[in-house]
Amino acid sequence: METERPMDRLICGDVGYGKTEVALRAAFKAAETGKQVLVLVPTTILAQQHFGTFAERLRDYPITVEHVSRFRPAKEQKASIQAFSEGKVDILIGTHRILSRDVRAKDLGLIVVDEEQRFGVKQKDLLRQLKLKVDVISMSATPIPRTLQMSMAGVRDISVIETPPEGRRPVKTYVGEYDEQLVKQALEREHARSGQAFFLHNRVEDIDETAERLRALCPQLRFTVAHGQMDEKSSRSG
């Protein structure tokens, strides 16, 4: 008799369309039936965000949520991993750290992979080994061609979330030449509605000069700078 293969489903949808909500409910369902869940994310910040979301939403249920992050002391990380191996933690959230050999579940039932396209070959090989045994949900707003090809060929199942949540306003995109007055207008409009904005710059070398130019352009706004070459202390305090 042929055994049923584990689920391997890709969920596609725009940012804010509810992919995390689907994953959260799947994790809840798995934990409710006594299975453990691994939630794999590409960045430490995302791990902390997901931990906050899962812990908040599941706090009224007998479900234990933990996370492994380089911002946590090594002693706390080790305790979380040990508790997961003993079955005392139902949902463990983290970056590629949770794919390490010392992370062992007592009864793993589901793996959730957020933005799978951002993981390297080594991590995907480790995931492939785990996928043979448990259900997997992968989420992406921008799946890579190979991932889509696998879904279209029937190797993986795919679900597309096309309906935005109630009240969500559509994203408006404009493409054109750089215009300081247009930038000033956009930033001031966002500030007027008590919102926040990102200004993306493509060179670390002169990013501070660009920030100064923006400060002169919009003196009533507060600006801060962040980039990938900053040390850990600066990036956390910034």
# chains A, B, ... in the order shown; residues from 1 in each chain; ligands from 1
>>> residues_around(residues="range 51-53 of chain A", least_positions_apart="6", cutoff="12 Å", atoms="only C-alpha atoms", output="number ranges by chain")
A: 20-21, 23-25, 38-41, 44-45, 59, 64-69, 91-95
>>> select_by_dssp(residues="range 38-105 of chain A", states="alpha helix (DSSP H)", output="list in words")
Thr44, Ile45, Leu46, Ala47, Gln48, Gln49, His50, Phe51, Gly52, Thr53, Phe54, Ala55, Glu56, Arg57, Ala74, Lys75, Glu76, Gln77, Lys78, Ala79, Ser80, Ile81, Gln82, Ala83, Phe84 and Ser85 of chain A
>>> write_last_selection(atoms="N, CA and C atoms", output="mmCIF file, in the first residue's frame")
data_model
loop_
_atom_site.group_PDB
_atom_site.id
_atom_site.type_symbol
_atom_site.label_atom_id
_atom_site.label_comp_id
_atom_site.auth_asym_id
_atom_site.auth_seq_id
_atom_site.Cartn_x
_atom_site.Cartn_y
_atom_site.Cartn_z
ATOM 1 N N THR A 44 17.320 37.720 11.344
ATOM 2 C CA THR A 44 17.088 37.787 12.789
ATOM 3 C C THR A 44 15.898 38.685 13.117
ATOM 4 N N ILE A 45 15.808 39.818 12.416
ATOM 5 C CA ILE A 45 14.694 40.749 12.661
ATOM 6 C C ILE A 45 13.362 40.067 12.396
ATOM 7 N N LEU A 46 13.292 39.323 11.290
ATOM 8 C CA LEU A 46 12.046 38.625 10.950
ATOM 9 C C LEU A 46 11.726 37.547 11.977
ATOM 10 N N ALA A 47 12.765 36.905 12.511
ATOM 11 C CA ALA A 47 12.551 35.896 13.550
ATOM 12 C C ALA A 47 11.909 36.526 14.779
ATOM 13 N N GLN A 48 12.397 37.695 15.162
ATOM 14 C CA GLN A 48 11.828 38.389 16.323
ATOM 15 C C GLN A 48 10.393 38.838 16.051
ATOM 16 N N GLN A 49 10.140 39.327 14.820
ATOM 17 C CA GLN A 49 8.787 39.768 14.468
ATOM 18 C C GLN A 49 7.807 38.598 14.505
ATOM 19 N N HIS A 50 8.197 37.473 13.922
ATOM 20 C CA HIS A 50 7.320 36.303 13.908
ATOM 21 C C HIS A 50 7.109 35.767 15.325
ATOM 22 N N PHE A 51 8.163 35.780 16.129
ATOM 23 C CA PHE A 51 8.014 35.317 17.511
ATOM 24 C C PHE A 51 6.993 36.183 18.243
ATOM 25 N N GLY A 52 7.089 37.508 18.066
ATOM 26 C CA GLY A 52 6.132 38.407 18.705
ATOM 27 C C GLY A 52 4.708 38.135 18.255
ATOM 28 N N THR A 53 4.528 37.913 16.950
ATOM 29 C CA THR A 53 3.192 37.653 16.400
ATOM 30 C C THR A 53 2.630 36.336 16.908
ATOM 31 N N PHE A 54 3.426 35.263 16.822
ATOM 32 C CA PHE A 54 2.959 33.940 17.247
ATOM 33 C C PHE A 54 2.677 33.921 18.751
ATOM 34 N N ALA A 55 3.597 34.501 19.542
ATOM 35 C CA ALA A 55 3.420 34.491 20.992
ATOM 36 C C ALA A 55 2.168 35.269 21.404
ATOM 37 N N GLU A 56 1.927 36.401 20.756
ATOM 38 C CA GLU A 56 0.768 37.230 21.073
ATOM 39 C C GLU A 56 -0.537 36.508 20.720
ATOM 40 N N ARG A 57 -0.578 35.929 19.526
ATOM 41 C CA ARG A 57 -1.805 35.294 19.052
ATOM 42 C C ARG A 57 -2.125 33.987 19.786
ATOM 43 N N ALA A 74 23.523 33.194 24.600
ATOM 44 C CA ALA A 74 23.745 31.800 24.201
ATOM 45 C C ALA A 74 23.086 30.818 25.171
ATOM 46 N N LYS A 75 23.082 31.178 26.455
ATOM 47 C CA LYS A 75 22.489 30.306 27.466
ATOM 48 C C LYS A 75 20.994 30.133 27.229
ATOM 49 N N GLU A 76 20.316 31.236 26.868
ATOM 50 C CA GLU A 76 18.874 31.173 26.613
ATOM 51 C C GLU A 76 18.577 30.382 25.344
ATOM 52 N N GLN A 77 19.415 30.565 24.317
ATOM 53 C CA GLN A 77 19.231 29.808 23.080
ATOM 54 C C GLN A 77 19.364 28.309 23.339
ATOM 55 N N LYS A 78 20.391 27.948 24.101
ATOM 56 C CA LYS A 78 20.628 26.542 24.412
ATOM 57 C C LYS A 78 19.455 25.937 25.183
ATOM 58 N N ALA A 79 18.902 26.725 26.112
ATOM 59 C CA ALA A 79 17.760 26.251 26.904
ATOM 60 C C ALA A 79 16.535 26.027 26.015
ATOM 61 N N SER A 80 16.312 26.932 25.054
ATOM 62 C CA SER A 80 15.171 26.804 24.147
ATOM 63 C C SER A 80 15.307 25.566 23.271
ATOM 64 N N ILE A 81 16.529 25.334 22.760
ATOM 65 C CA ILE A 81 16.786 24.174 21.908
ATOM 66 C C ILE A 81 16.620 22.872 22.692
ATOM 67 N N GLN A 82 17.091 22.871 23.936
ATOM 68 C CA GLN A 82 16.953 21.694 24.787
ATOM 69 C C GLN A 82 15.484 21.404 25.073
ATOM 70 N N ALA A 83 14.721 22.458 25.376
ATOM 71 C CA ALA A 83 13.292 22.288 25.655
ATOM 72 C C ALA A 83 12.552 21.776 24.418
ATOM 73 N N PHE A 84 12.979 22.218 23.238
ATOM 74 C CA PHE A 84 12.359 21.761 21.989
ATOM 75 C C PHE A 84 12.620 20.274 21.780
ATOM 76 N N SER A 85 13.853 19.846 22.065
ATOM 77 C CA SER A 85 14.208 18.429 21.893
ATOM 78 C C SER A 85 13.469 17.542 22.888
#
>>> atom_distance(atom1="CA of Leu214 in chain A", atom2="CA of Asp231 in chain A")
23.7 Å
>>> closest_residue(among="A:Leu58, A:Ile98, A:Ala216, A:Pro42", to="Phe119 in chain A", atoms="only C-alpha atoms")
A:Pro42
>>> select_by_dssp(residues="range 14-118 of chain A", states="strand (DSSP E)", output="list of chain:residue names")
A:Gln36, A:Val37, A:Leu38, A:Val39, A:Leu40, A:Val65, A:Glu66, A:His67, A:Val68, A:Ile91, A:Leu92, A:Ile93, A:Gly94, A:Leu108, A:Gly109, A:Leu110, A:Ile111, A:Val112, A:Val113, A:Asp114
>>> write_last_selection(atoms="N, CA and C atoms", output="tab-separated table (two decimals), in the first residue's frame")
chain	number	residue	atom	x	y	z
A	36	GLN	N	5.16	19.14	16.75
A	36	GLN	CA	5.98	20.33	16.91
A	36	GLN	C	6.18	21.02	15.56
A	37	VAL	N	6.51	22.31	15.63
A	37	VAL	CA	6.62	23.13	14.42
A	37	VAL	C	7.93	23.90	14.42
A	38	LEU	N	8.60	23.91	13.27
A	38	LEU	CA	9.77	24.76	13.06
A	38	LEU	C	9.38	25.87	12.10
A	39	VAL	N	9.68	27.12	12.45
A	39	VAL	CA	9.42	28.26	11.56
A	39	VAL	C	10.77	28.84	11.18
A	40	LEU	N	11.14	28.70	9.92
A	40	LEU	CA	12.45	29.12	9.44
A	40	LEU	C	12.33	30.42	8.66
A	65	VAL	N	5.73	28.84	22.64
A	65	VAL	CA	6.46	29.37	21.48
A	65	VAL	C	7.81	29.91	21.94
A	66	GLU	N	8.88	29.53	21.25
A	66	GLU	CA	10.22	30.02	21.57
A	66	GLU	C	10.92	30.46	20.29
A	67	HIS	N	12.00	31.21	20.44
A	67	HIS	CA	12.76	31.60	19.25
A	67	HIS	C	14.26	31.58	19.53
A	68	VAL	N	15.01	31.33	18.48
A	68	VAL	CA	16.47	31.32	18.55
A	68	VAL	C	16.97	32.50	17.74
A	91	ILE	N	6.43	25.34	19.26
A	91	ILE	CA	6.80	26.06	18.04
A	91	ILE	C	8.13	26.76	18.27
A	92	LEU	N	9.11	26.46	17.43
A	92	LEU	CA	10.43	27.09	17.53
A	92	LEU	C	10.68	27.91	16.27
A	93	ILE	N	10.98	29.19	16.47
A	93	ILE	CA	11.17	30.13	15.37
A	93	ILE	C	12.64	30.56	15.33
A	94	GLY	N	13.21	30.65	14.13
A	94	GLY	CA	14.59	31.10	14.05
A	94	GLY	C	15.11	31.15	12.62
A	108	LEU	N	8.39	16.22	15.32
A	108	LEU	CA	8.19	17.30	14.35
A	108	LEU	C	7.08	16.95	13.37
A	109	GLY	N	6.17	17.92	13.16
A	109	GLY	CA	5.06	17.67	12.24
A	109	GLY	C	4.95	18.66	11.10
A	110	LEU	N	5.52	19.87	11.29
A	110	LEU	CA	5.36	20.91	10.27
A	110	LEU	C	6.57	21.82	10.25
A	111	ILE	N	7.00	22.18	9.04
A	111	ILE	CA	8.03	23.19	8.85
A	111	ILE	C	7.43	24.33	8.04
A	112	VAL	N	7.59	25.55	8.54
A	112	VAL	CA	7.16	26.75	7.80
A	112	VAL	C	8.41	27.49	7.37
A	113	VAL	N	8.53	27.75	6.08
A	113	VAL	CA	9.69	28.44	5.53
A	113	VAL	C	9.25	29.76	4.94
A	114	ASP	N	9.71	30.85	5.53
A	114	ASP	CA	9.35	32.18	5.04
A	114	ASP	C	10.44	32.66	4.08
>>> closest_residue(among="A:Ile63, A:Val171, A:Ala30, A:Ala141", to="Asp107 in chain A", atoms="only C-alpha atoms")
A:Ala30
>>> closest_residue(among="A:Arg118, A:Arg222, A:Arg9, A:Lys35", to="Thr142 in chain A", atoms="only C-alpha atoms")
A:Arg118
>>> residues_around(residues="Met7 in chain A", least_positions_apart="6", cutoff="8 Å", atoms="only C-alpha atoms", output="list of chain:residue names")
A:Val134, A:Asp135, A:Val136, A:Ile137, A:Asp157
>>> residues_around(residues="range 175-181 of chain A", least_positions_apart="6", cutoff="10 Å", atoms="only C-alpha atoms", output="list in words")
Leu187, Arg213, Leu214 and Leu217 of chain A
>>> atom_distance(atom1="CA of Ser194 in chain A", atom2="CA of Cys218 in chain A")
14.9 Å
>>> atom_distance(atom1="CA of Val204 in chain A", atom2="CA of Leu221 in chain A")
21.6 Å
